[in-house]
Every structure is written in structure tokens, then in C-alpha cells.
Amino acid sequence: MDQCLFLFDIDGTLIDAGGAGVGAIRLAVRDLYGDEIAVPELDVRGTTDAALARKLLPAMGAEVTAGSIAQLYEAYLIRLREEFQKVNRGAGILPGVRELLDALKAKGVVMGLLTGNLEAGAWIKLERFGLDQYFSFGAFGDEHPERDKLGPEALAEAERVHQRGFNPTATVVVGDTPRDISCGRVIGSPTVAVATGAYSLEELSKHNPTLALKSLQESGAILDLLSKLSGKKFSDSEGRN
Ligand SMILES: [Mg+2]
């Protein structure tokens with residue numbers, strides 16, 4: 001029987017940052033390149049911060065170097081901390097998230113992050129809403145412009161932290177964009193797409209995730225998937241702790 005692993009995206013999946021993330025990027029760019037600079041429109045959905053940096057820097061007339069990237073990350077994290085300390089209208093934990101994380105934790109499911117956020121940024125966002133306690137590791141967007149590279153990294157991190165291997169077919173990737181679905185497919189894992197971010201249920205369904213849900217409040221479907229993957233029955237009363 002396989003030990004199940006769940007890998008969660010953050011923005012649009014666990015939390016709605018109420019625009020604080022994009023706001024912090026724009027402020028960071030202005031901090032570095034001046035108030036007058038026109039910051040281009042950013043499509044941040046399912047992308048990685050490494051990819052964003054590589055788009056932003058040339059648009060600012062800056063060279064993409066290890067130094068300019070590090071400088072941008074530093075300015076962004078300062079602004080992100082500030083933005084997340086404010087009470088942002090519309091920001092919060094998405095429906096059903098805490099209940100699902102509690103249910104998975106109670107079933108002994110190992111949980112990690114698979115996110116395009118910088119590692120430090122991911123923890124700032126999760127700590128703000130008290131969700132950091134559920135996760136002990138992750139694959140983050142510091143290095144990889146391509147999100148698809150993060151799945152293998154998350155599996156390797158899970159193995160390193162938990163001192164045991166995880167079967168990709170008993171690993172579930174949960175996210176709110178077609179890029180999250182693709183990430184799961186690359187490692188041969190089932191995917192749960194949730195329409196609490198920038199994509200509708202209809203749009204997500206076109207990409208054939210294992211499950212497409214309106215929100216993570218539909219935990220019954222996820223627990224059914226878990227019971228199938230682990231060979232245990234969790235969703236009926238018999239299987240409950
Ligand atoms: Mg997302």
C-alpha cells in the first residue's frame with residue numbers, strides 16, 4: 001500500500017492574496033528602476049517567479065544576470081512582507097482549504113508545496129494565514145522558469161525530508177491553472193484542478209485533470225481519490241478515525 005503525497009500550489013489554490021503578490025512585484029520594480037518606469041502587464045497565473053524575473057528585467061532595460069535577479073528577489077520580498085502585513089480586502093484562505101488540510105493530515109498524508117513562488121515568498125504568504133504548519137518541504141520557483149521542472153524536484157525533496165521514496169502514481173498535484181495540471185502529468189501523477197483562482201471549471205476541465213472541482217470544499221471527491229490511490233476507504237464511516 002502506497003503512502004500518499006499531496007503537492008499543493010499556493011495562489012488561487014490555498015489562498016487568495018488579494019493582489020498583494022502582484023502589488024509587491026510592481027512596487028519592487030519601481031524601488032529598483034524608478035517611479036516613472038512603466039511596469040508591463042504581468043500574467044502571473046501558474047508561472048514561476050524565476051520566469052517573471054526573466055520577463056521583467058529586460059522590460060526594465062536591465063540585463064538578466066544572477067546579480068540583477070537576486071536584487072529583484074530581495075526588493076520583492078521586502079515589499080511582499082509589507083503588503084502581507086496590511087489587511088488586504090479580499091485576501092484570505094480559500095473555501096474548504098483548512099478543513100481539507102486537517103482531514104489529509106489526520107489520514108497521515110504527507111503534504112508538500114509545488115509552487116512558482118520564491119521559497120521565502122511562499123512561507124511569507126502561508127505564515128500570514130497560519131497555513132505553514134501543514135507543510136514541511138516543497139519545490140519552489142526560485143530557479144526554474146519552467147514550472148514543469150518543479151514536479152521531479154518536489155518528489156526528490158519529499159524523499160530527502162521524509163527519508164523514503166514516494167510513488168508518483170500515489171502523489172496528487174493540486175492547483176488552479178492548466179500549468180499545475182501539466183506539472184502533475186509530467187511526473188505521472190493524478191491532478192486536482194480547483195476553480196478558485198484565475199480559471200473557470202470549464203476551462204480547467206478542457207485540460208483533463210483527474211478531478212476538476214469548484215472549490216476545495218468538495219473534499220469528498222478528494223478523499224475518494226485518496227482512498228483509491230492508497231487502497232484504503234476513507235470516505236465512509238468505517239474508514240474514519
Ligand atoms: Mg496558482
# chains A, B, ... in the order shown; residues from 1 in each chain; ligands from 1

call {"tool": "residues_near_ligand", "arguments": {"ligand": "ligand 1", "cutoff": "7 Å", "atoms": "only C-alpha atoms and all ligand atoms", "output": "ChimeraX atom specification"}}
result
/A:9-13,45-46,175-177,197

call {"tool": "residues_around", "arguments": {"residues": "region 206-221 of chain A", "least_positions_apart": "2", "cutoff": "6 Å", "atoms": "only C-alpha atoms", "output": "list in words"}}
result
Pro95, Gly96, Val97, Pro190, Thr191, Val192, Ala193, Val194, Ala195, Thr196, Glu203, Leu204, Leu223 and Asp224 of chain A

call {"tool": "residues_around", "arguments": {"residues": "Arg30 (chain A)", "least_positions_apart": "5", "cutoff": "10 Å", "atoms": "only C-alpha atoms", "output": "VMD selection string"}}
result
chain A and resid 24 to 25 35 to 39 60 75

call {"tool": "write_last_selection", "arguments": {"atoms": "N, CA and C atoms", "output": "compact mmCIF listing (two decimals), in the first residue's frame"}}
result
# COMPACT_ATOMS: atom_id res chain seq x y z
N ALA A 24 3.30 43.67 -4.85
CA ALA A 24 4.67 43.67 -4.33
C ALA A 24 5.69 43.65 -5.47
N ILE A 25 5.38 42.91 -6.52
CA ILE A 25 6.30 42.87 -7.69
C ILE A 25 6.42 44.26 -8.30
N ASP A 35 10.12 55.42 -10.11
CA ASP A 35 8.65 55.54 -10.12
C ASP A 35 8.08 55.75 -11.52
N GLU A 36 8.92 56.28 -12.39
CA GLU A 36 8.42 56.65 -13.72
C GLU A 36 8.29 55.45 -14.66
N ILE A 37 8.93 54.37 -14.25
CA ILE A 37 9.01 53.22 -15.15
C ILE A 37 7.62 52.59 -15.37
N ALA A 38 7.35 52.21 -16.61
CA ALA A 38 6.07 51.55 -16.90
C ALA A 38 6.28 50.04 -16.69
N VAL A 39 5.63 49.52 -15.67
CA VAL A 39 5.77 48.08 -15.41
C VAL A 39 4.80 47.35 -16.34
N MET A 60 12.66 46.29 -18.20
CA MET A 60 13.17 47.45 -17.45
C MET A 60 14.49 47.95 -18.06
N ALA A 75 14.26 42.88 -3.34
CA ALA A 75 13.33 44.01 -3.27
C ALA A 75 11.89 43.50 -3.18

call {"tool": "closest_residue", "arguments": {"among": "A:Gly67, A:Ala20, A:Leu150, A:Asp102", "to": "Lys86 (chain A)", "atoms": "only C-alpha atoms"}}
result
A:Ala20

call {"tool": "closest_residue", "arguments": {"among": "A:Leu226, A:Ile93, A:Ala170, A:Val44", "to": "Ala198 (chain A)", "atoms": "only C-alpha atoms"}}
result
A:Val44

call {"tool": "residues_around", "arguments": {"residues": "Leu80 (chain A)", "least_positions_apart": "2", "cutoff": "10 Å", "atoms": "only C-alpha atoms", "output": "number ranges by chain"}}
result
A: 20-25, 27-28, 74-78, 82-85, 120-121, 124-125

call {"tool": "write_last_selection", "arguments": {"atoms": "C-alpha atoms", "output": "PDB file, in the first residue's frame"}}
result
ATOM      1  CA  ALA A  20      -0.736  41.612  -2.729  1.00  0.00           C
ATOM      2  CA  GLY A  21       1.745  39.443  -4.646  1.00  0.00           C
ATOM      3  CA  VAL A  22       1.457  41.316  -7.932  1.00  0.00           C
ATOM      4  CA  GLY A  23       1.385  44.591  -5.989  1.00  0.00           C
ATOM      5  CA  ALA A  24       4.674  43.674  -4.331  1.00  0.00           C
ATOM      6  CA  ILE A  25       6.302  42.866  -7.686  1.00  0.00           C
ATOM      7  CA  LEU A  27       6.490  48.108  -6.054  1.00  0.00           C
ATOM      8  CA  ALA A  28       9.804  46.221  -6.103  1.00  0.00           C
ATOM      9  CA  GLU A  74      15.363  40.892  -2.485  1.00  0.00           C
ATOM     10  CA  ALA A  75      13.329  44.008  -3.271  1.00  0.00           C
ATOM     11  CA  TYR A  76      10.245  41.871  -3.936  1.00  0.00           C
ATOM     12  CA  LEU A  77      10.496  40.009  -0.617  1.00  0.00           C
ATOM     13  CA  ILE A  78      10.775  43.293   1.319  1.00  0.00           C
ATOM     14  CA  GLU A  82       4.901  44.766   3.872  1.00  0.00           C
ATOM     15  CA  GLU A  83       1.965  44.021   1.588  1.00  0.00           C
ATOM     16  CA  PHE A  84       1.071  40.904   3.542  1.00  0.00           C
ATOM     17  CA  GLN A  85       1.099  42.763   6.842  1.00  0.00           C
ATOM     18  CA  ALA A 120      10.906  32.760   1.055  1.00  0.00           C
ATOM     19  CA  GLY A 121       7.804  34.308  -0.564  1.00  0.00           C
ATOM     20  CA  ILE A 124       5.601  34.630   3.958  1.00  0.00           C
ATOM     21  CA  LYS A 125       2.249  34.004   2.255  1.00  0.00           C
TER      22      LYS A 125
END

call {"tool": "closest_residue", "arguments": {"among": "A:Ala122, A:Ile181, A:Ala91, A:Ala103", "to": "Ile15 (chain A)", "atoms": "only C-alpha atoms"}}
result
A:Ala91

call {"tool": "residues_around", "arguments": {"residues": "Phe140 (chain A)", "least_positions_apart": "6", "cutoff": "9 Å", "atoms": "only C-alpha atoms", "output": "list in words"}}
result
Thr48, Asp49, Leu113, Leu114, Thr115, Gly116, Asn117, Leu118, Glu119, Ala122, Arg147, Leu150, Glu153 and Ala154 of chain A

call {"tool": "closest_residue", "arguments": {"among": "A:Leu131, A:Arg164, A:Ala156, A:Gly151", "to": "Leu94 (chain A)", "atoms": "only C-alpha atoms"}}
result
A:Leu131

call {"tool": "select_by_dssp", "arguments": {"residues": "region 3-240 of chain A", "states": "alpha helix (DSSP H)", "output": "ChimeraX atom specification"}}
result
/A:20-33,49-59,66-85,97-106,119-128,150-162,178-186,201-205,219-230

call {"tool": "select_by_dssp", "arguments": {"residues": "region 10-217 of chain A", "states": "strand (DSSP E or B)", "output": "MDAnalysis selection string"}}
result
chainID A and resid 11 15:16 92:93 110:114 138:139 171:175 191:194 211:213

call {"tool": "atom_distance", "arguments": {"atom1": "CA of Leu57 (chain A)", "atom2": "CA of Asp180 (chain A)"}}
result
25.0 Å

call {"tool": "residues_around", "arguments": {"residues": "Leu56 (chain A)", "least_positions_apart": "5", "cutoff": "9 Å", "atoms": "only C-alpha atoms", "output": "MDAnalysis selection string"}}
result
chainID A and resid 29 39:40 42 51 61:62

call {"tool": "closest_residue", "arguments": {"among": "A:Tyr73, A:Tyr33, A:Phe6, A:Phe129", "to": "Gly92 (chain A)", "atoms": "only C-alpha atoms"}}
result
A:Phe129

call {"tool": "closest_residue", "arguments": {"among": "A:Glu63, A:Glu146, A:Glu99, A:Asp31", "to": "Leu14 (chain A)", "atoms": "only C-alpha atoms"}}
result
A:Glu99
